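Here the structure comes first, spelled out in structure tokens, and everything after it is commentary.
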Amino acid sequence: MAKLKERRRTLAGHTGCGLGGLESLTEFEAGIAPANAATSQAETDFRISEQALFNAFLALQKMQAINEVTGSMHAAAWVSSAGEVLTVREDLGRHNALDKLIGALMQKNMPTSNGAVIMTSRASYELAQKTARARIPMLAAILAPTSLAIELAQKNKLTLIGFVRHSSMVVYSYGARVKSEFVSIGGDV
């Protein structure tokens with residue numbers, strides 16, 4: 001045991017994603033515009049049915065060309081209110097997949113307030129933050145959100161959905177954007 005203590009490293013690691021290098025949570029929240037801070041009423045009225053979301057996730061599985069070959073890619077997709085998957089980006093990193101998707105939307109000059117992002121990952125606060133900063137009203141993921149992601153979504157009027165399965169999902173914030181009788185509402189702030 002003494003030999004292990006002698007070999008103990010004292011260097012602080014500076015790798016990782018997310019909060020690395022920040023001294024407080026308020027630093028990472030700075031500059032986020034609420035998802036419903038759009039310029040026109042039509043842009044703030046985004047709604048999608050639970051069935052449209054289920055259909056979008058099923059369609060996304062078939063549209064993941066790289067994942068079909070490798071079995072190891074995350075995907076982020078842009079979805080219309082009808083559940084049509086309009087744009088897909090894949091990457092080994094879920095953050096990168098979302099960055100690629102938002103970049104593609106910006107390149108096409110697409111208004112971000114009239115669609116949703118769906119992802120094949122968990123919903124971390126970084127993903128919620130990027131979605132809110134892009135003024136996208138909804139982020140839905142197949143896995144759980146983190147508690148920090150839920151808090152950020154609530155503060156920024158972002159609809160956050162997790163555990164999307166074939167016939168169920170959990171809505172954690174701003175559930176009024178989901179048209180459904182069967183969704184478990186975790187928080188309709």
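Residue numbering restarts at 1 in every chain; chains get A, B, ... in the order shown in the structure tokens, and ligands count up from 1 in that same order.
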
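The residue set within 10 Å of Lys130 in chain A, counting only C-alpha atoms and dropping same-chain residues fewer than 4 places from it, reads A:Ile32, A:His95, A:Leu98, A:Asp99, A:Ile102, A:Tyr125, A:Glu126, A:Ala134, A:Arg135, A:Ile136.
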
Dump as a tab-separated table (two decimals), in the first residue's frame, selection limited to C-alpha atoms:
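result36.tsv written:
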chain	number	residue	atom	x	y	z
A	32	ILE	CA	-28.69	31.06	-23.47
A	95	HIS	CA	-22.03	16.19	-28.89
A	98	LEU	CA	-25.57	17.58	-32.52
A	99	ASP	CA	-22.95	20.16	-33.52
A	102	ILE	CA	-27.01	22.49	-35.88
A	125	TYR	CA	-26.90	19.25	-20.04
A	126	GLU	CA	-24.45	20.01	-22.88
A	134	ALA	CA	-29.85	27.35	-31.14
A	135	ARG	CA	-33.42	28.34	-30.14
A	136	ILE	CA	-34.73	24.88	-30.89

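Those residues that approach Val79 in chain A to within 9 Å, counting only C-alpha atoms, are Leu53, Ala56, Val85, Leu86, Thr87, Asn114, Gly115, Ala116, Val117 and Ile118 of chain A; same-chain residues fewer than 6 positions away are not listed.
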
Residue subset to file, keeping N, CA and C atoms, as an mmCIF file, in the first residue's frame:
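Result file out24.cif:
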data_model
loop_
_atom_site.group_PDB
_atom_site.id
_atom_site.type_symbol
_atom_site.label_atom_id
_atom_site.label_comp_id
_atom_site.auth_asym_id
_atom_site.auth_seq_id
_atom_site.Cartn_x
_atom_site.Cartn_y
_atom_site.Cartn_z
ATOM 1 N N LEU A 53 -43.364 11.583 -32.975
ATOM 2 C CA LEU A 53 -42.031 11.355 -32.397
ATOM 3 C C LEU A 53 -41.628 9.891 -32.488
ATOM 4 N N ALA A 56 -40.639 9.190 -35.972
ATOM 5 C CA ALA A 56 -39.359 9.811 -36.305
ATOM 6 C C ALA A 56 -38.195 8.960 -35.794
ATOM 7 N N VAL A 85 -38.290 13.071 -40.630
ATOM 8 C CA VAL A 85 -36.865 13.300 -40.379
ATOM 9 C C VAL A 85 -36.298 14.001 -41.607
ATOM 10 N N LEU A 86 -35.872 15.253 -41.415
ATOM 11 C CA LEU A 86 -35.436 16.086 -42.536
ATOM 12 C C LEU A 86 -33.917 16.108 -42.719
ATOM 13 N N THR A 87 -33.183 16.000 -41.639
ATOM 14 C CA THR A 87 -31.721 16.056 -41.701
ATOM 15 C C THR A 87 -31.164 15.157 -40.608
ATOM 16 N N ASN A 114 -39.014 25.845 -35.541
ATOM 17 C CA ASN A 114 -40.173 25.090 -36.047
ATOM 18 C C ASN A 114 -39.872 23.605 -36.237
ATOM 19 N N GLY A 115 -39.038 23.057 -35.363
ATOM 20 C CA GLY A 115 -38.719 21.638 -35.435
ATOM 21 C C GLY A 115 -38.179 21.148 -34.112
ATOM 22 N N ALA A 116 -37.777 19.897 -34.099
ATOM 23 C CA ALA A 116 -37.244 19.272 -32.886
ATOM 24 C C ALA A 116 -35.986 18.507 -33.225
ATOM 25 N N VAL A 117 -35.145 18.349 -32.216
ATOM 26 C CA VAL A 117 -33.965 17.496 -32.328
ATOM 27 C C VAL A 117 -34.283 16.183 -31.629
ATOM 28 N N ILE A 118 -34.000 15.077 -32.312
ATOM 29 C CA ILE A 118 -34.086 13.763 -31.678
ATOM 30 C C ILE A 118 -32.693 13.152 -31.712
#

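For the pair CA of Ser121 in chain A and CA of Arg133 in chain A, the separation is 19.3 Å.
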
Work out how far CA of Ser124 in chain A is from CA of Arg94 in chain A, in Å to one decimal.
9.6 Å

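For the pair CA of Ala77 in chain A and CA of Leu101 in chain A, the interatomic distance is 6.8 Å.
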
How would you write, as a ChimeraX atom specification, the set of residues in range 46-173 of chain A that DSSP gives as strand (DSSP E)?
/A:48-49,74-79,85-91,116-119,138-141,159-162,170-173

Those same residues, written as a PDB file, in the first residue's frame with N, CA and C atoms?
ATOM      1  N   ILE A  48     -45.840  18.741 -31.548  1.00  0.00           N
ATOM      2  CA  ILE A  48     -45.673  17.466 -32.235  1.00  0.00           C
ATOM      3  C   ILE A  48     -46.425  16.405 -31.441  1.00  0.00           C
ATOM      4  N   SER A  49     -46.993  15.458 -32.133  1.00  0.00           N
ATOM      5  CA  SER A  49     -47.706  14.389 -31.435  1.00  0.00           C
ATOM      6  C   SER A  49     -46.721  13.317 -30.992  1.00  0.00           C
ATOM      7  N   HIS A  74     -23.589   7.673 -32.803  1.00  0.00           N
ATOM      8  CA  HIS A  74     -24.751   8.419 -32.328  1.00  0.00           C
ATOM      9  C   HIS A  74     -25.306   9.202 -33.498  1.00  0.00           C
ATOM     10  N   ALA A  75     -26.586   9.535 -33.408  1.00  0.00           N
ATOM     11  CA  ALA A  75     -27.200  10.351 -34.440  1.00  0.00           C
ATOM     12  C   ALA A  75     -28.009  11.458 -33.798  1.00  0.00           C
ATOM     13  N   ALA A  76     -28.039  12.579 -34.499  1.00  0.00           N
ATOM     14  CA  ALA A  76     -28.903  13.702 -34.159  1.00  0.00           C
ATOM     15  C   ALA A  76     -29.698  14.005 -35.422  1.00  0.00           C
ATOM     16  N   ALA A  77     -31.001  14.185 -35.272  1.00  0.00           N
ATOM     17  CA  ALA A  77     -31.840  14.421 -36.443  1.00  0.00           C
ATOM     18  C   ALA A  77     -32.752  15.617 -36.215  1.00  0.00           C
ATOM     19  N   TRP A  78     -33.060  16.301 -37.299  1.00  0.00           N
ATOM     20  CA  TRP A  78     -33.988  17.429 -37.310  1.00  0.00           C
ATOM     21  C   TRP A  78     -35.330  16.886 -37.794  1.00  0.00           C
ATOM     22  N   VAL A  79     -36.364  17.147 -37.013  1.00  0.00           N
ATOM     23  CA  VAL A  79     -37.671  16.552 -37.249  1.00  0.00           C
ATOM     24  C   VAL A  79     -38.731  17.643 -37.360  1.00  0.00           C
ATOM     25  N   VAL A  85     -38.290  13.071 -40.630  1.00  0.00           N
ATOM     26  CA  VAL A  85     -36.865  13.300 -40.379  1.00  0.00           C
ATOM     27  C   VAL A  85     -36.298  14.001 -41.607  1.00  0.00           C
ATOM     28  N   LEU A  86     -35.872  15.253 -41.415  1.00  0.00           N
ATOM     29  CA  LEU A  86     -35.436  16.086 -42.536  1.00  0.00           C
ATOM     30  C   LEU A  86     -33.917  16.108 -42.719  1.00  0.00           C
ATOM     31  N   THR A  87     -33.183  16.000 -41.639  1.00  0.00           N
ATOM     32  CA  THR A  87     -31.721  16.056 -41.701  1.00  0.00           C
ATOM     33  C   THR A  87     -31.164  15.157 -40.608  1.00  0.00           C
ATOM     34  N   VAL A  88     -30.125  14.395 -40.945  1.00  0.00           N
ATOM     35  CA  VAL A  88     -29.486  13.497 -39.978  1.00  0.00           C
ATOM     36  C   VAL A  88     -27.981  13.707 -40.032  1.00  0.00           C
ATOM     37  N   ARG A  89     -27.373  13.715 -38.869  1.00  0.00           N
ATOM     38  CA  ARG A  89     -25.920  13.743 -38.777  1.00  0.00           C
ATOM     39  C   ARG A  89     -25.494  12.687 -37.764  1.00  0.00           C
ATOM     40  N   GLU A  90     -24.412  11.978 -38.104  1.00  0.00           N
ATOM     41  CA  GLU A  90     -23.886  10.924 -37.231  1.00  0.00           C
ATOM     42  C   GLU A  90     -22.461  11.254 -36.818  1.00  0.00           C
ATOM     43  N   ASP A  91     -22.102  10.763 -35.645  1.00  0.00           N
ATOM     44  CA  ASP A  91     -20.728  10.893 -35.184  1.00  0.00           C
ATOM     45  C   ASP A  91     -20.531   9.927 -34.024  1.00  0.00           C
ATOM     46  N   ALA A 116     -37.777  19.897 -34.099  1.00  0.00           N
ATOM     47  CA  ALA A 116     -37.244  19.272 -32.886  1.00  0.00           C
ATOM     48  C   ALA A 116     -35.986  18.507 -33.225  1.00  0.00           C
ATOM     49  N   VAL A 117     -35.145  18.349 -32.216  1.00  0.00           N
ATOM     50  CA  VAL A 117     -33.965  17.496 -32.328  1.00  0.00           C
ATOM     51  C   VAL A 117     -34.283  16.183 -31.629  1.00  0.00           C
ATOM     52  N   ILE A 118     -34.000  15.077 -32.312  1.00  0.00           N
ATOM     53  CA  ILE A 118     -34.086  13.763 -31.678  1.00  0.00           C
ATOM     54  C   ILE A 118     -32.693  13.152 -31.712  1.00  0.00           C
ATOM     55  N   MET A 119     -32.365  12.398 -30.648  1.00  0.00           N
ATOM     56  CA  MET A 119     -31.019  11.855 -30.543  1.00  0.00           C
ATOM     57  C   MET A 119     -31.019  10.428 -30.042  1.00  0.00           C
ATOM     58  N   MET A 138     -37.327  21.823 -28.788  1.00  0.00           N
ATOM     59  CA  MET A 138     -37.502  20.478 -28.242  1.00  0.00           C
ATOM     60  C   MET A 138     -36.281  19.616 -28.487  1.00  0.00           C
ATOM     61  N   LEU A 139     -35.925  18.836 -27.446  1.00  0.00           N
ATOM     62  CA  LEU A 139     -34.872  17.832 -27.526  1.00  0.00           C
ATOM     63  C   LEU A 139     -35.445  16.537 -26.980  1.00  0.00           C
ATOM     64  N   ALA A 140     -35.439  15.486 -27.792  1.00  0.00           N
ATOM     65  CA  ALA A 140     -35.935  14.172 -27.370  1.00  0.00           C
ATOM     66  C   ALA A 140     -34.821  13.149 -27.573  1.00  0.00           C
ATOM     67  N   ALA A 141     -34.653  12.282 -26.581  1.00  0.00           N
ATOM     68  CA  ALA A 141     -33.577  11.290 -26.620  1.00  0.00           C
ATOM     69  C   ALA A 141     -34.094   9.924 -26.195  1.00  0.00           C
ATOM     70  N   THR A 159     -38.496  22.022 -24.277  1.00  0.00           N
ATOM     71  CA  THR A 159     -39.176  20.753 -24.034  1.00  0.00           C
ATOM     72  C   THR A 159     -38.124  19.667 -24.065  1.00  0.00           C
ATOM     73  N   LEU A 160     -37.989  18.953 -22.949  1.00  0.00           N
ATOM     74  CA  LEU A 160     -36.988  17.895 -22.829  1.00  0.00           C
ATOM     75  C   LEU A 160     -37.701  16.573 -22.615  1.00  0.00           C
ATOM     76  N   ILE A 161     -37.399  15.603 -23.482  1.00  0.00           N
ATOM     77  CA  ILE A 161     -38.051  14.294 -23.449  1.00  0.00           C
ATOM     78  C   ILE A 161     -36.974  13.225 -23.388  1.00  0.00           C
ATOM     79  N   GLY A 162     -37.197  12.232 -22.559  1.00  0.00           N
ATOM     80  CA  GLY A 162     -36.270  11.120 -22.453  1.00  0.00           C
ATOM     81  C   GLY A 162     -36.998   9.794 -22.510  1.00  0.00           C
ATOM     82  N   VAL A 170     -41.010   9.975 -21.554  1.00  0.00           N
ATOM     83  CA  VAL A 170     -41.197  10.802 -20.368  1.00  0.00           C
ATOM     84  C   VAL A 170     -40.852  12.241 -20.751  1.00  0.00           C
ATOM     85  N   VAL A 171     -41.783  13.143 -20.525  1.00  0.00           N
ATOM     86  CA  VAL A 171     -41.578  14.560 -20.806  1.00  0.00           C
ATOM     87  C   VAL A 171     -41.198  15.228 -19.488  1.00  0.00           C
ATOM     88  N   TYR A 172     -40.056  15.892 -19.464  1.00  0.00           N
ATOM     89  CA  TYR A 172     -39.537  16.490 -18.243  1.00  0.00           C
ATOM     90  C   TYR A 172     -39.806  17.980 -18.125  1.00  0.00           C
ATOM     91  N   SER A 173     -40.037  18.657 -19.224  1.00  0.00           N
ATOM     92  CA  SER A 173     -40.317  20.092 -19.166  1.00  0.00           C
ATOM     93  C   SER A 173     -41.105  20.513 -20.391  1.00  0.00           C
TER      94      SER A 173
END

Write out as an NGL selection string the residues lying within 12 Å of Leu58 in chain A, counting only C-alpha atoms and excluding same-chain residues fewer than 5 positions away.
:A and (51-53 or 63-64 or 77 or 83-85 or 118-120 or 142 or 164-167)

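In this comparison, which uses only C-alpha atoms, the residue of A:Leu143, A:Ala176, A:Met169, A:Ala132 approaching Lys155 in chain A most closely is A:Ala132.
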
Would you list, as an MDAnalysis selection string, the residues of range 66-95 of chain A that end up in alpha helix (DSSP H) under DSSP run on this structure's backbone?
chainID A and resid 66:70 94:95

Choose the residue, out of A:Ser180, A:Tyr174, A:Ala123, A:Ser113, that has the smallest atom-to-atom separation from Phe46 in chain A; count only C-alpha atoms.
A:Ser113
